[in-house]
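**Q** Quick one: the structure is below, questions incoming.
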Amino acid sequence: MEGRDVDFKQSPDVDAGDIVAFANASGGTLLLGVKEDRRPDGTEFRQVIGCQADDKNRLRVLQKAAGCSPQIDVHIQFENVAKLPIIRVDVPAGKSKPYSTGG
């Protein structure tokens, strides 16, 4: 589930704070188009809901990473899970820590 190495987002609208958090730690992966929820018994589960995997959303993520201080280089891949498109954003551990958001 969500943790220090992975974060699930329903939307491709990534927050720069998520990118900065991974860069300031040991790196991690954002999976966009994956919903995390809880069952009535309290157990967590993930559900692939998909998202628009296109150049517009790739550029949106790259702009968020470029707006960090210093800039963070991320690796973006489009993948299909259960026939639904998701976006995988790999954020490496930063070499110029600490990182901060543009705001």
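Following the order of the structure tokens, first chain is A, next is B, and so on, with residues numbered from 1 inside each chain and ligands from 1 in the order they appear.
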Using only C-alpha atoms, which residues of stretch 42-89 of chain A come within 6 Å of stretch 19-33 of chain A, and what is the closest atom pair for each, with the distance in Å to one decimal? Give it as CSV, sorted by chain and residue number.

**A**
residue,atom,partner,partner_atom,distance
A:Ile49,CA,A:Gly33,CA,5.5
A:Gly50,CA,A:Gly33,CA,4.2
A:Cys51,CA,A:Gly33,CA,4.7
A:Ile86,CA,A:Gly33,CA,5.0
A:Ile87,CA,A:Leu32,CA,5.0
A:Arg88,CA,A:Leu31,CA,4.9
A:Val89,CA,A:Leu30,CA,5.0

**Q** Please produce a file of the residues just selected, as a compact mmCIF listing (two decimals), in the first residue's frame, where the atoms kept are all heavy atoms.

**A**
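Once everything was written out, this is selection-v1.txt:
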# COMPACT_ATOMS: atom_id res chain seq x y z
N ILE A 49 -8.15 2.53 -11.78
CA ILE A 49 -9.27 3.20 -12.43
C ILE A 49 -8.85 3.81 -13.75
O ILE A 49 -9.68 4.21 -14.55
CB ILE A 49 -9.90 4.27 -11.50
CG1 ILE A 49 -8.87 5.32 -11.09
CG2 ILE A 49 -10.52 3.61 -10.28
CD1 ILE A 49 -9.44 6.48 -10.31
N GLY A 50 -7.54 3.90 -13.97
CA GLY A 50 -7.00 4.45 -15.20
C GLY A 50 -7.03 5.97 -15.21
O GLY A 50 -7.70 6.61 -14.39
N CYS A 51 -6.27 6.53 -16.12
CA CYS A 51 -6.24 7.98 -16.31
C CYS A 51 -5.78 8.24 -17.74
O CYS A 51 -5.31 7.33 -18.44
CB CYS A 51 -5.35 8.67 -15.30
SG CYS A 51 -3.60 8.32 -15.46
N ILE A 86 -2.33 3.77 -17.02
CA ILE A 86 -1.88 4.50 -15.83
C ILE A 86 -0.58 5.20 -16.20
O ILE A 86 0.05 4.89 -17.21
CB ILE A 86 -1.69 3.60 -14.59
CG1 ILE A 86 -0.54 2.61 -14.80
CG2 ILE A 86 -2.98 2.88 -14.23
CD1 ILE A 86 -0.09 1.92 -13.53
N ILE A 87 -0.18 6.12 -15.35
CA ILE A 87 1.09 6.82 -15.53
C ILE A 87 1.98 6.49 -14.34
O ILE A 87 1.56 6.65 -13.19
CB ILE A 87 0.89 8.35 -15.64
CG1 ILE A 87 -0.05 8.67 -16.80
CG2 ILE A 87 2.24 9.05 -15.80
CD1 ILE A 87 -0.45 10.13 -16.89
N ARG A 88 3.18 6.03 -14.62
CA ARG A 88 4.16 5.72 -13.58
C ARG A 88 5.21 6.83 -13.59
O ARG A 88 5.82 7.11 -14.61
CB ARG A 88 4.82 4.38 -13.86
CG ARG A 88 5.87 4.01 -12.87
CD ARG A 88 6.61 2.75 -13.29
NE ARG A 88 7.63 2.46 -12.32
CZ ARG A 88 7.64 1.39 -11.56
NH1 ARG A 88 6.70 0.48 -11.67
NH2 ARG A 88 8.61 1.20 -10.69
N VAL A 89 5.40 7.46 -12.43
CA VAL A 89 6.38 8.54 -12.29
C VAL A 89 7.41 8.08 -11.27
O VAL A 89 7.12 7.94 -10.09
CB VAL A 89 5.72 9.85 -11.81
CG1 VAL A 89 6.76 10.96 -11.70
CG2 VAL A 89 4.58 10.27 -12.73

**Q** Of the residues A:Ile76, A:Val81, A:Val48, A:Val14, which is the one nearest to A:Lys64, using only C-alpha atoms?

**A** A:Val14

**Q** Looking only at the backbone, which of the residues in stretch 4-70 of chain A does DSSP tag as strand (DSSP E or B), as a list of chain:residue names?

**A** A:Val6, A:Asp7, A:Phe8, A:Lys9, A:Gly28, A:Thr29, A:Leu30, A:Leu31, A:Leu32, A:Val34, A:Lys35, A:Glu36, A:Asp37, A:Arg38, A:Glu44, A:Phe45, A:Arg46, A:Gln47, A:Val48, A:Ser69

**Q** Can you pull out the residues contacting A:Arg46? Cut-off 7 Å, using only C-alpha atoms, and skip same-chain residues under 4 positions away; I want them as a list of chain:residue names.

**A**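 Those residues are A:Val34, A:Lys35, A:Glu36, A:Asp37.
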
**Q** Report the residues of chain A whose backbone DSSP state falls under alpha helix (DSSP H), written as a list in words.

**A**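 Checking each residue of chain A, the alpha helix (DSSP H) ones are Ala16, Gly17, Asp18, Ile19, Val20, Ala21, Phe22, Ala23, Asn24, Asp55, Lys56, Asn57, Arg58, Leu59, Arg60, Val61, Leu62, Gln63, Lys64, Ala65 and Ala66 of chain A.
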
**Q** Keeping N, CA and C atoms, export the residues of the selection given above as a PDB file, in the first residue's frame.

**A**
ATOM      1  N   ALA A  16       3.419  18.983  -6.425  1.00  0.00           N
ATOM      2  CA  ALA A  16       4.879  19.094  -6.362  1.00  0.00           C
ATOM      3  C   ALA A  16       5.414  18.607  -5.020  1.00  0.00           C
ATOM      4  N   GLY A  17       4.616  18.731  -3.971  1.00  0.00           N
ATOM      5  CA  GLY A  17       5.039  18.269  -2.645  1.00  0.00           C
ATOM      6  C   GLY A  17       5.297  16.773  -2.607  1.00  0.00           C
ATOM      7  N   ASP A  18       4.547  15.997  -3.395  1.00  0.00           N
ATOM      8  CA  ASP A  18       4.779  14.555  -3.457  1.00  0.00           C
ATOM      9  C   ASP A  18       6.121  14.247  -4.113  1.00  0.00           C
ATOM     10  N   ILE A  19       6.449  14.983  -5.161  1.00  0.00           N
ATOM     11  CA  ILE A  19       7.721  14.789  -5.851  1.00  0.00           C
ATOM     12  C   ILE A  19       8.874  15.157  -4.929  1.00  0.00           C
ATOM     13  N   VAL A  20       8.752  16.287  -4.254  1.00  0.00           N
ATOM     14  CA  VAL A  20       9.789  16.749  -3.330  1.00  0.00           C
ATOM     15  C   VAL A  20       9.998  15.753  -2.188  1.00  0.00           C
ATOM     16  N   ALA A  21       8.915  15.207  -1.664  1.00  0.00           N
ATOM     17  CA  ALA A  21       9.033  14.265  -0.544  1.00  0.00           C
ATOM     18  C   ALA A  21       9.868  13.049  -0.941  1.00  0.00           C
ATOM     19  N   PHE A  22       9.627  12.499  -2.123  1.00  0.00           N
ATOM     20  CA  PHE A  22      10.416  11.348  -2.575  1.00  0.00           C
ATOM     21  C   PHE A  22      11.862  11.739  -2.836  1.00  0.00           C
ATOM     22  N   ALA A  23      12.093  12.890  -3.455  1.00  0.00           N
ATOM     23  CA  ALA A  23      13.462  13.325  -3.756  1.00  0.00           C
ATOM     24  C   ALA A  23      14.252  13.575  -2.476  1.00  0.00           C
ATOM     25  N   ASN A  24      13.607  14.083  -1.444  1.00  0.00           N
ATOM     26  CA  ASN A  24      14.287  14.336  -0.172  1.00  0.00           C
ATOM     27  C   ASN A  24      14.517  13.057   0.629  1.00  0.00           C
ATOM     28  N   ASP A  55       0.537  13.038 -23.749  1.00  0.00           N
ATOM     29  CA  ASP A  55       1.609  14.030 -23.643  1.00  0.00           C
ATOM     30  C   ASP A  55       1.219  15.228 -22.783  1.00  0.00           C
ATOM     31  N   LYS A  56      -0.051  15.577 -22.776  1.00  0.00           N
ATOM     32  CA  LYS A  56      -0.510  16.701 -21.948  1.00  0.00           C
ATOM     33  C   LYS A  56      -0.250  16.417 -20.468  1.00  0.00           C
ATOM     34  N   ASN A  57      -0.591  15.218 -20.016  1.00  0.00           N
ATOM     35  CA  ASN A  57      -0.366  14.879 -18.607  1.00  0.00           C
ATOM     36  C   ASN A  57       1.106  14.630 -18.312  1.00  0.00           C
ATOM     37  N   ARG A  58       1.853  14.099 -19.285  1.00  0.00           N
ATOM     38  CA  ARG A  58       3.305  13.959 -19.109  1.00  0.00           C
ATOM     39  C   ARG A  58       3.922  15.339 -18.888  1.00  0.00           C
ATOM     40  N   LEU A  59       3.541  16.303 -19.721  1.00  0.00           N
ATOM     41  CA  LEU A  59       4.069  17.659 -19.598  1.00  0.00           C
ATOM     42  C   LEU A  59       3.675  18.285 -18.266  1.00  0.00           C
ATOM     43  N   ARG A  60       2.467  18.029 -17.816  1.00  0.00           N
ATOM     44  CA  ARG A  60       1.998  18.568 -16.532  1.00  0.00           C
ATOM     45  C   ARG A  60       2.901  18.088 -15.390  1.00  0.00           C
ATOM     46  N   VAL A  61       3.226  16.796 -15.385  1.00  0.00           N
ATOM     47  CA  VAL A  61       4.098  16.245 -14.336  1.00  0.00           C
ATOM     48  C   VAL A  61       5.504  16.815 -14.465  1.00  0.00           C
ATOM     49  N   LEU A  62       6.022  16.893 -15.691  1.00  0.00           N
ATOM     50  CA  LEU A  62       7.368  17.427 -15.896  1.00  0.00           C
ATOM     51  C   LEU A  62       7.466  18.884 -15.450  1.00  0.00           C
ATOM     52  N   GLN A  63       6.408  19.669 -15.674  1.00  0.00           N
ATOM     53  CA  GLN A  63       6.407  21.067 -15.236  1.00  0.00           C
ATOM     54  C   GLN A  63       6.425  21.176 -13.716  1.00  0.00           C
ATOM     55  N   LYS A  64       5.697  20.289 -13.036  1.00  0.00           N
ATOM     56  CA  LYS A  64       5.713  20.297 -11.568  1.00  0.00           C
ATOM     57  C   LYS A  64       7.121  19.989 -11.059  1.00  0.00           C
ATOM     58  N   ALA A  65       7.770  18.991 -11.670  1.00  0.00           N
ATOM     59  CA  ALA A  65       9.122  18.616 -11.248  1.00  0.00           C
ATOM     60  C   ALA A  65      10.130  19.724 -11.559  1.00  0.00           C
ATOM     61  N   ALA A  66       9.957  20.386 -12.691  1.00  0.00           N
ATOM     62  CA  ALA A  66      10.864  21.470 -13.074  1.00  0.00           C
ATOM     63  C   ALA A  66      10.676  22.696 -12.184  1.00  0.00           C
TER      64      ALA A  66
END
